[in-house]
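Colleague: Below is the file work-v1.tsv, which contains TSV, C-alpha atoms.
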```tsv
chain	number	residue	atom	x	y	z
J	1374	MET	CA	110.50	96.53	83.76
J	1375	GLU	CA	108.06	99.41	83.47
J	1376	LYS	CA	104.69	98.92	85.17
J	1377	ARG	CA	102.87	100.84	82.43
J	1378	GLU	CA	104.22	98.58	79.70
J	1379	LEU	CA	103.44	95.47	81.75
J	1380	ARG	CA	99.85	96.65	82.25
J	1381	GLN	CA	99.62	97.23	78.50
J	1382	VAL	CA	100.76	93.67	77.82
J	1383	PHE	CA	98.27	92.33	80.42
J	1384	GLY	CA	95.57	94.35	78.62
J	1385	THR	CA	96.07	92.36	75.42
J	1386	PHE	CA	94.44	89.38	77.14
J	1387	ALA	CA	90.66	89.69	76.77
J	1388	THR	CA	88.77	88.81	79.94
J	1389	GLY	CA	85.25	88.62	81.17
J	1390	VAL	CA	84.10	91.16	83.73
J	1391	THR	CA	82.93	90.13	87.17
J	1392	VAL	CA	81.73	91.86	90.28
J	1393	VAL	CA	82.61	90.01	93.46
J	1394	THR	CA	80.03	90.60	96.19
J	1395	THR	CA	80.06	89.77	99.89
J	1396	ARG	CA	78.86	91.12	103.21
J	1397	THR	CA	80.94	92.65	105.96
J	1398	ASP	CA	80.83	91.35	109.54
J	1399	ASP	CA	78.09	93.90	110.28
J	1400	GLY	CA	75.99	92.60	107.33
J	1401	VAL	CA	76.54	95.46	104.86
J	1402	ALA	CA	76.67	94.31	101.22
J	1403	HIS	CA	79.74	95.32	99.21
J	1404	GLY	CA	81.06	94.60	95.73
J	1405	THR	CA	84.10	95.26	93.59
J	1406	THR	CA	84.76	94.93	89.86
J	1407	VAL	CA	87.26	92.16	89.11
J	1408	ASN	CA	88.51	90.98	85.73
J	1409	ALA	CA	91.15	88.63	87.18
J	1410	PHE	CA	88.93	85.54	87.48
J	1411	ALA	CA	89.70	81.96	86.47
J	1412	ALA	CA	88.44	78.42	86.82
J	1413	VAL	CA	90.83	76.36	88.94
J	1414	SER	CA	89.34	72.88	89.30
J	1415	VAL	CA	86.21	70.92	88.40
J	1416	ASP	CA	86.69	68.35	91.18
J	1417	PRO	CA	86.53	69.92	93.70
J	1418	PRO	CA	84.78	72.90	92.05
J	1419	LEU	CA	87.23	75.76	92.63
J	1420	VAL	CA	87.55	79.26	91.16
J	1421	GLN	CA	89.95	82.10	91.82
J	1422	ILE	CA	89.86	85.87	91.82
J	1423	THR	CA	92.75	88.24	92.25
J	1424	LEU	CA	92.39	91.50	94.18
J	1425	THR	CA	94.71	94.40	94.90
J	1426	ARG	CA	96.05	93.79	98.39
J	1427	ALA	CA	95.28	97.41	99.36
J	1428	SER	CA	91.58	97.17	98.42
J	1429	ARG	CA	88.86	97.09	101.09
J	1430	ALA	CA	87.40	94.04	99.33
J	1431	ALA	CA	90.55	92.07	100.10
J	1432	GLY	CA	89.84	92.49	103.80
J	1433	TYR	CA	86.12	91.72	103.47
J	1434	LEU	CA	86.69	88.39	101.71
J	1435	GLU	CA	88.85	86.79	104.37
J	1436	GLY	CA	86.75	83.88	105.65
J	1437	ALA	CA	83.50	85.23	104.13
J	1438	PRO	CA	81.23	83.60	101.54
J	1439	PHE	CA	81.07	85.54	98.27
J	1440	ALA	CA	79.48	85.57	94.83
J	1441	ILE	CA	81.22	85.99	91.52
J	1442	ASN	CA	78.74	87.83	89.32
J	1443	ILE	CA	79.79	87.27	85.70
J	1444	LEU	CA	78.42	90.42	84.13
J	1445	SER	CA	76.24	90.55	81.06
J	1446	LEU	CA	76.52	93.09	78.27
J	1447	GLU	CA	73.66	95.06	79.86
J	1448	GLN	CA	75.65	95.58	83.09
J	1449	VAL	CA	78.34	98.05	81.98
J	1450	ASP	CA	77.03	100.58	84.52
J	1451	ALA	CA	77.34	97.99	87.30
J	1452	ALA	CA	80.96	97.33	86.30
J	1453	ARG	CA	81.65	101.05	86.38
J	1454	HIS	CA	79.80	101.55	89.67
J	1455	PHE	CA	81.79	98.86	91.47
J	1456	SER	CA	85.08	100.15	90.04
J	1457	GLY	CA	84.43	103.52	91.68
J	1458	GLU	CA	82.91	105.54	88.82
J	1459	VAL	CA	79.81	107.63	89.43
J	1460	VAL	CA	76.87	106.30	87.41
J	1461	ASP	CA	73.22	107.35	87.25
J	1462	THR	CA	71.66	104.16	88.60
J	1463	GLU	CA	72.44	101.86	91.50
J	1464	PRO	CA	72.90	98.20	90.52
J	1465	GLU	CA	70.03	95.91	91.51
J	1466	TRP	CA	70.78	92.95	93.74
J	1467	THR	CA	69.13	90.36	95.95
J	1468	LEU	CA	70.28	88.43	98.97
J	1469	ASN	CA	70.89	84.78	98.04
J	1470	GLY	CA	71.17	83.08	101.42
J	1471	ASN	CA	73.70	85.34	103.12
J	1472	VAL	CA	75.47	86.49	99.92
J	1473	PRO	CA	74.44	89.53	97.84
J	1474	VAL	CA	73.96	88.67	94.13
J	1475	LEU	CA	73.48	91.17	91.30
J	1476	THR	CA	70.44	90.80	89.04
J	1477	GLY	CA	70.90	90.47	85.27
J	1478	ASN	CA	74.14	88.46	85.30
J	1479	ALA	CA	75.29	86.22	82.46
J	1480	ALA	CA	76.17	83.70	85.20
J	1481	THR	CA	76.68	83.61	88.95
J	1482	LEU	CA	78.91	81.47	91.17
J	1483	LYS	CA	78.20	81.42	94.90
J	1484	CYS	CA	81.35	80.41	96.78
J	1485	ARG	CA	82.65	79.67	100.21
J	1486	PRO	CA	86.26	80.49	101.10
J	1487	TRP	CA	88.83	77.81	100.24
J	1488	ASN	CA	92.17	79.59	100.65
J	1489	ILE	CA	93.97	82.91	100.17
J	1490	TYR	CA	97.45	83.07	98.66
J	1491	ASP	CA	100.11	85.75	98.37
J	1492	GLY	CA	100.22	87.30	94.92
J	1493	GLY	CA	102.72	90.14	95.33
J	1494	ASP	CA	100.77	93.40	95.38
J	1495	HIS	CA	97.59	91.29	95.03
J	1496	ILE	CA	95.98	88.43	96.91
J	1497	ILE	CA	94.67	85.31	95.19
J	1498	VAL	CA	91.35	84.22	96.65
J	1499	VAL	CA	90.24	80.67	95.88
J	1500	GLY	CA	86.63	79.78	96.52
J	1501	GLU	CA	84.72	76.52	96.40
J	1502	VAL	CA	81.62	76.80	94.22
J	1503	MET	CA	78.55	75.91	96.27
J	1504	ALA	CA	75.82	77.04	93.83
J	1505	MET	CA	75.66	78.45	90.33
J	1506	ASP	CA	73.28	79.98	87.83
J	1507	ILE	CA	73.69	80.55	84.10
J	1508	THR	CA	71.52	82.58	81.73
J	1509	GLN	CA	71.39	83.18	77.99
J	1510	ARG	CA	72.66	86.78	78.38
J	1511	GLU	CA	75.78	87.75	76.42
J	1512	PRO	CA	78.78	88.30	78.73
J	1513	LEU	CA	80.59	91.61	79.02
J	1514	VAL	CA	84.23	91.54	77.86
J	1515	PHE	CA	87.20	93.76	78.78
J	1516	PHE	CA	90.07	94.25	76.35
J	1517	GLY	CA	92.66	97.00	75.88
J	1518	GLY	CA	91.21	99.07	78.72
J	1519	GLU	CA	87.69	99.08	77.24
J	1520	PHE	CA	84.43	97.17	77.65
J	1521	ARG	CA	83.59	95.12	74.55
J	1522	THR	CA	81.14	92.60	73.17
J	1523	MET	CA	82.09	89.03	72.32
J	1524	GLY	CA	82.09	89.54	68.57
J	1525	ARG	CA	81.86	86.84	65.96
J	1526	ARG	CA	82.26	83.15	66.61
J	1527	VAL	CA	85.37	81.53	65.20
J	1528	GLU	CA	84.80	78.06	63.82
J	1529	ALA	CA	87.52	75.82	65.13
J	1530	ILE	CA	88.69	72.64	63.51
J	1531	ARG	CA	88.42	69.95	66.15
J	1532	SER	CA	90.09	66.61	66.31
J	1533	ASP	CA	90.06	63.88	68.89
J	1534	HIS	CA	93.18	65.48	70.38
J	1535	SER	CA	91.98	69.09	70.51
J	1536	GLY	CA	91.85	69.32	74.30
J	1537	ALA	CA	88.20	70.39	74.18
J	1538	ASP	CA	85.77	68.85	76.62
J	1539	SER	CA	83.30	67.18	74.25
J	1540	GLU	CA	80.41	67.37	76.72
J	1541	SER	CA	80.58	71.09	77.41
J	1542	GLY	CA	82.63	72.46	74.52
J	1543	TRP	CA	84.90	74.06	77.13
J	1544	PHE	CA	88.61	73.92	76.41
J	1545	ALA	CA	89.90	72.09	79.44
J	1546	GLY	CA	93.55	72.09	78.53
J	1547	SER	CA	95.50	69.34	76.90
J	1548	ASN	CA	97.28	66.32	78.30
J	1549	TYR	CA	99.91	66.89	75.63
J	1550	PHE	CA	103.04	68.92	76.14
J	1551	ARG	CA	104.49	69.28	72.69
J	1552	PRO	CA	108.00	70.39	71.82
J	1553	LEU	CA	108.54	73.60	69.90
J	1554	HIS	CA	110.39	73.19	66.66
J	1555	ALA	CA	113.19	75.46	65.55
J	1556	PRO	CA	111.89	78.70	64.02
J	1557	LYS	CA	111.84	78.93	60.27
J	1558	SER	CA	114.57	81.07	58.80
J	1559	ARG	CA	113.50	84.16	56.94
```
Take the structure in this file and express it as structure tokens.
Modeller:
Amino acid sequence: MEKRELRQVFGTFATGVTVVTTRTDDGVAHGTTVNAFAAVSVDPPLVQITLTRASRAAGYLEGAPFAINILSLEQVDAARHFSGEVVDTEPEWTLNGNVPVLTGNAATLKCRPWNIYDGGDHIIVVGEVMAMDITQREPLVFFGGEFRTMGRRVEAIRSDHSGADSESGWFAGSNYFRPLHAPKSR
């Protein structure tokens, strides 16, 4: 399997863009752009990020509290900055307790370490959400190797069995595992 083709397939899955921030043992704030972020559990409140094993951030996160800064559309330069590109302005941030948090986020999750798992050439970091903040800012999206906007809303037809969480509108997954029927002949 060719890595380039696999990356291309992975790139067809639109994701949000986050910057994960933490402090080193000597108190220096660091961040890295991460688009491999997912909700894991509501009870307990767990989230995961995936980092290249070789990255400095992977070493900084072991046992350290961190923030997942879900970037807004206005933070493209911050995403570029923390992915190693040279940009004209430094991202603005504040210290929230002992965790650096970017300003202008669409949402922020402040986490404490839960566990780290092997993920091949990556590590999977699971954090327990200790605090959160959400704004009305539009989130930044990454698709096909480019930053994007959310685009138009698609009206979905909902039924009692849609799998959507009626309180939040968040698709929480379904309790149904349905069989696939034989493909139609052409």
Colleague: Return the padded bounding box of stretch 1466-1471 of chain J as JSON: axis-aligned, built from all atoms listed in the file, 6 Å added on each side, with centre and edge lengths in Å to one decimal.
Modeller:
```
{"center_x": 71.4, "center_y": 88.0, "center_z": 98.4, "size_x": 16.6, "size_y": 21.9, "size_z": 21.4}
```
Colleague: Wanna dump the stretch 1447-1487 of chain J-stretch 1494-1518 of chain J contacts at 7 Å for me, each residue with its shortest atom pair and the distance in Å to one decimal, counting only C-alpha atoms, ordered by chain and number, as a tab-separated table?
Modeller:
```
residue	atom	partner	partner_atom	distance
J:Ala1479	CA	J:Arg1510	CA	4.9
J:Ala1480	CA	J:Ile1507	CA	4.2
J:Thr1481	CA	J:Asp1506	CA	5.1
J:Leu1482	CA	J:Met1505	CA	4.5
J:Lys1483	CA	J:Ala1504	CA	5.1
J:Cys1484	CA	J:Val1502	CA	4.4
J:Arg1485	CA	J:Glu1501	CA	5.4
J:Pro1486	CA	J:Gly1500	CA	4.6
J:Trp1487	CA	J:Gly1500	CA	4.7
```
Colleague: So the first atom is atom CA of J:Ala1440 and the second is atom CA of J:Leu1475; what is the distance between them in Å, to one decimal place?
Modeller: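 Answer for the atom CA of J:Ala1440 to atom CA of J:Leu1475 separation: 8.9 Å.
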Colleague: So which one's closest to J:Asn1478, J:Met1523, J:Val1415, J:Val1449, J:Ala1402? Using only C-alpha atoms, please.
Modeller: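 Checking each candidate against J:Asn1478, we get J:Val1449 as the closest.
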Colleague: Got a sec: who's within 6 Å of stretch 1451-1462 of chain J, counting only C-alpha atoms, leaving out chain neighbours fewer than 3 positions off, as a list in words?
Modeller: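 The residues that qualify are Thr1405, Thr1406 and Gln1448 of chain J.
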Colleague: What does the structure give for the distance between atom CA of J:Gly1470 and atom CA of J:Asp1399, in Å to one decimal?
Modeller: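 Between these atoms lies a distance of 15.6 Å.
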Colleague: Any idea what the distance is between atom CA of J:Pro1417 and atom CA of J:Asn1488?
Modeller: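 It comes out at 13.2 Å.
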Colleague: From the options J:His1403, J:Phe1410, J:Glu1435, J:Thr1467, which residue's atoms come nearest to J:Ile1422, counting all atoms listed in the file?
Modeller: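 So, comparing all the options, the nearest one is J:Phe1410.
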Colleague: Taking the partial coordinates given, rebuild stretch 1409-1445 of chain J to contain N, CA and C atoms; return it as a PDB file, keeping the file's coordinate frame.
Modeller:
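Written out: selection39.pdb:
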```pdb
ATOM      1  N   ALA J1409      90.205  89.721  86.971  1.00  0.00           N
ATOM      2  CA  ALA J1409      91.150  88.630  87.180  1.00  0.00           C
ATOM      3  C   ALA J1409      90.409  87.470  87.849  1.00  0.00           C
ATOM      4  N   PHE J1410      89.749  86.679  87.040  1.00  0.00           N
ATOM      5  CA  PHE J1410      88.930  85.540  87.480  1.00  0.00           C
ATOM      6  C   PHE J1410      89.317  84.346  86.626  1.00  0.00           C
ATOM      7  N   ALA J1411      89.375  83.169  87.240  1.00  0.00           N
ATOM      8  CA  ALA J1411      89.700  81.960  86.470  1.00  0.00           C
ATOM      9  C   ALA J1411      89.127  80.729  87.137  1.00  0.00           C
ATOM     10  N   ALA J1412      88.801  79.743  86.320  1.00  0.00           N
ATOM     11  CA  ALA J1412      88.440  78.420  86.820  1.00  0.00           C
ATOM     12  C   ALA J1412      89.723  77.757  87.293  1.00  0.00           C
ATOM     13  N   VAL J1413      89.652  77.045  88.409  1.00  0.00           N
ATOM     14  CA  VAL J1413      90.830  76.360  88.940  1.00  0.00           C
ATOM     15  C   VAL J1413      90.672  74.856  88.815  1.00  0.00           C
ATOM     16  N   SER J1414      89.529  74.329  89.238  1.00  0.00           N
ATOM     17  CA  SER J1414      89.340  72.880  89.300  1.00  0.00           C
ATOM     18  C   SER J1414      87.861  72.551  89.144  1.00  0.00           C
ATOM     19  N   VAL J1415      87.583  71.414  88.501  1.00  0.00           N
ATOM     20  CA  VAL J1415      86.210  70.920  88.400  1.00  0.00           C
ATOM     21  C   VAL J1415      85.890  70.008  89.590  1.00  0.00           C
ATOM     22  N   ASP J1416      86.896  69.268  90.063  1.00  0.00           N
ATOM     23  CA  ASP J1416      86.690  68.350  91.180  1.00  0.00           C
ATOM     24  C   ASP J1416      87.844  68.461  92.161  1.00  0.00           C
ATOM     25  N   PRO J1417      87.721  69.199  93.252  1.00  0.00           N
ATOM     26  CA  PRO J1417      86.530  69.920  93.700  1.00  0.00           C
ATOM     27  C   PRO J1417      86.305  71.175  92.854  1.00  0.00           C
ATOM     28  N   PRO J1418      85.079  71.716  92.869  1.00  0.00           N
ATOM     29  CA  PRO J1418      84.780  72.900  92.050  1.00  0.00           C
ATOM     30  C   PRO J1418      85.384  74.166  92.652  1.00  0.00           C
ATOM     31  N   LEU J1419      86.509  74.608  92.090  1.00  0.00           N
ATOM     32  CA  LEU J1419      87.230  75.760  92.630  1.00  0.00           C
ATOM     33  C   LEU J1419      87.403  76.839  91.567  1.00  0.00           C
ATOM     34  N   VAL J1420      87.310  78.095  92.012  1.00  0.00           N
ATOM     35  CA  VAL J1420      87.550  79.260  91.160  1.00  0.00           C
ATOM     36  C   VAL J1420      88.476  80.207  91.906  1.00  0.00           C
ATOM     37  N   GLN J1421      89.088  81.123  91.163  1.00  0.00           N
ATOM     38  CA  GLN J1421      89.950  82.100  91.820  1.00  0.00           C
ATOM     39  C   GLN J1421      89.673  83.496  91.298  1.00  0.00           C
ATOM     40  N   ILE J1422      89.875  84.457  92.181  1.00  0.00           N
ATOM     41  CA  ILE J1422      89.860  85.870  91.820  1.00  0.00           C
ATOM     42  C   ILE J1422      91.121  86.485  92.385  1.00  0.00           C
ATOM     43  N   THR J1423      91.551  87.563  91.786  1.00  0.00           N
ATOM     44  CA  THR J1423      92.750  88.240  92.250  1.00  0.00           C
ATOM     45  C   THR J1423      92.383  89.691  92.533  1.00  0.00           C
ATOM     46  N   LEU J1424      92.734  90.145  93.738  1.00  0.00           N
ATOM     47  CA  LEU J1424      92.390  91.500  94.180  1.00  0.00           C
ATOM     48  C   LEU J1424      93.631  92.254  94.616  1.00  0.00           C
ATOM     49  N   THR J1425      93.634  93.551  94.385  1.00  0.00           N
ATOM     50  CA  THR J1425      94.710  94.400  94.900  1.00  0.00           C
ATOM     51  C   THR J1425      94.731  94.269  96.418  1.00  0.00           C
ATOM     52  N   ARG J1426      95.880  93.994  96.948  1.00  0.00           N
ATOM     53  CA  ARG J1426      96.050  93.790  98.390  1.00  0.00           C
ATOM     54  C   ARG J1426      95.518  94.987  99.191  1.00  0.00           C
ATOM     55  N   ALA J1427      95.675  96.192  98.658  1.00  0.00           N
ATOM     56  CA  ALA J1427      95.280  97.410  99.360  1.00  0.00           C
ATOM     57  C   ALA J1427      93.772  97.675  99.323  1.00  0.00           C
ATOM     58  N   SER J1428      93.016  96.905  98.544  1.00  0.00           N
ATOM     59  CA  SER J1428      91.580  97.170  98.420  1.00  0.00           C
ATOM     60  C   SER J1428      90.816  96.759  99.684  1.00  0.00           C
ATOM     61  N   ARG J1429      89.716  97.465  99.963  1.00  0.00           N
ATOM     62  CA  ARG J1429      88.860  97.090 101.090  1.00  0.00           C
ATOM     63  C   ARG J1429      88.293  95.696 100.883  1.00  0.00           C
ATOM     64  N   ALA J1430      87.981  95.357  99.633  1.00  0.00           N
ATOM     65  CA  ALA J1430      87.400  94.040  99.330  1.00  0.00           C
ATOM     66  C   ALA J1430      88.307  92.914  99.784  1.00  0.00           C
ATOM     67  N   ALA J1431      89.606  93.111  99.677  1.00  0.00           N
ATOM     68  CA  ALA J1431      90.550  92.070 100.100  1.00  0.00           C
ATOM     69  C   ALA J1431      90.344  91.735 101.576  1.00  0.00           C
ATOM     70  N   GLY J1432      90.089  92.729 102.389  1.00  0.00           N
ATOM     71  CA  GLY J1432      89.840  92.490 103.800  1.00  0.00           C
ATOM     72  C   GLY J1432      88.476  91.872 104.071  1.00  0.00           C
ATOM     73  N   TYR J1433      87.477  92.243 103.275  1.00  0.00           N
ATOM     74  CA  TYR J1433      86.120  91.720 103.470  1.00  0.00           C
ATOM     75  C   TYR J1433      86.006  90.243 103.114  1.00  0.00           C
ATOM     76  N   LEU J1434      86.835  89.764 102.191  1.00  0.00           N
ATOM     77  CA  LEU J1434      86.690  88.390 101.710  1.00  0.00           C
ATOM     78  C   LEU J1434      87.342  87.342 102.602  1.00  0.00           C
ATOM     79  N   GLU J1435      88.165  87.758 103.513  1.00  0.00           N
ATOM     80  CA  GLU J1435      88.850  86.790 104.370  1.00  0.00           C
ATOM     81  C   GLU J1435      87.835  86.023 105.222  1.00  0.00           C
ATOM     82  N   GLY J1436      87.643  84.751 104.902  1.00  0.00           N
ATOM     83  CA  GLY J1436      86.750  83.880 105.650  1.00  0.00           C
ATOM     84  C   GLY J1436      85.266  84.084 105.366  1.00  0.00           C
ATOM     85  N   ALA J1437      84.905  84.930 104.402  1.00  0.00           N
ATOM     86  CA  ALA J1437      83.500  85.230 104.130  1.00  0.00           C
ATOM     87  C   ALA J1437      83.028  84.575 102.842  1.00  0.00           C
ATOM     88  N   PRO J1438      81.780  84.086 102.810  1.00  0.00           N
ATOM     89  CA  PRO J1438      81.230  83.600 101.540  1.00  0.00           C
ATOM     90  C   PRO J1438      81.089  84.770 100.570  1.00  0.00           C
ATOM     91  N   PHE J1439      81.140  84.484  99.281  1.00  0.00           N
ATOM     92  CA  PHE J1439      81.070  85.540  98.270  1.00  0.00           C
ATOM     93  C   PHE J1439      80.435  85.004  97.000  1.00  0.00           C
ATOM     94  N   ALA J1440      80.011  85.934  96.145  1.00  0.00           N
ATOM     95  CA  ALA J1440      79.480  85.570  94.830  1.00  0.00           C
ATOM     96  C   ALA J1440      80.361  86.203  93.770  1.00  0.00           C
ATOM     97  N   ILE J1441      80.568  85.456  92.702  1.00  0.00           N
ATOM     98  CA  ILE J1441      81.220  85.990  91.520  1.00  0.00           C
ATOM     99  C   ILE J1441      80.109  86.197  90.501  1.00  0.00           C
ATOM    100  N   ASN J1442      79.782  87.452  90.260  1.00  0.00           N
ATOM    101  CA  ASN J1442      78.740  87.830  89.320  1.00  0.00           C
ATOM    102  C   ASN J1442      79.402  88.059  87.970  1.00  0.00           C
ATOM    103  N   ILE J1443      79.213  87.146  87.032  1.00  0.00           N
ATOM    104  CA  ILE J1443      79.790  87.270  85.700  1.00  0.00           C
ATOM    105  C   ILE J1443      78.842  88.176  84.924  1.00  0.00           C
ATOM    106  N   LEU J1444      79.312  89.392  84.653  1.00  0.00           N
ATOM    107  CA  LEU J1444      78.420  90.420  84.130  1.00  0.00           C
ATOM    108  C   LEU J1444      77.999  90.181  82.690  1.00  0.00           C
ATOM    109  N   SER J1445      76.771  90.605  82.416  1.00  0.00           N
ATOM    110  CA  SER J1445      76.240  90.550  81.060  1.00  0.00           C
ATOM    111  C   SER J1445      76.501  91.886  80.370  1.00  0.00           C
TER     112      SER J1445
END
```
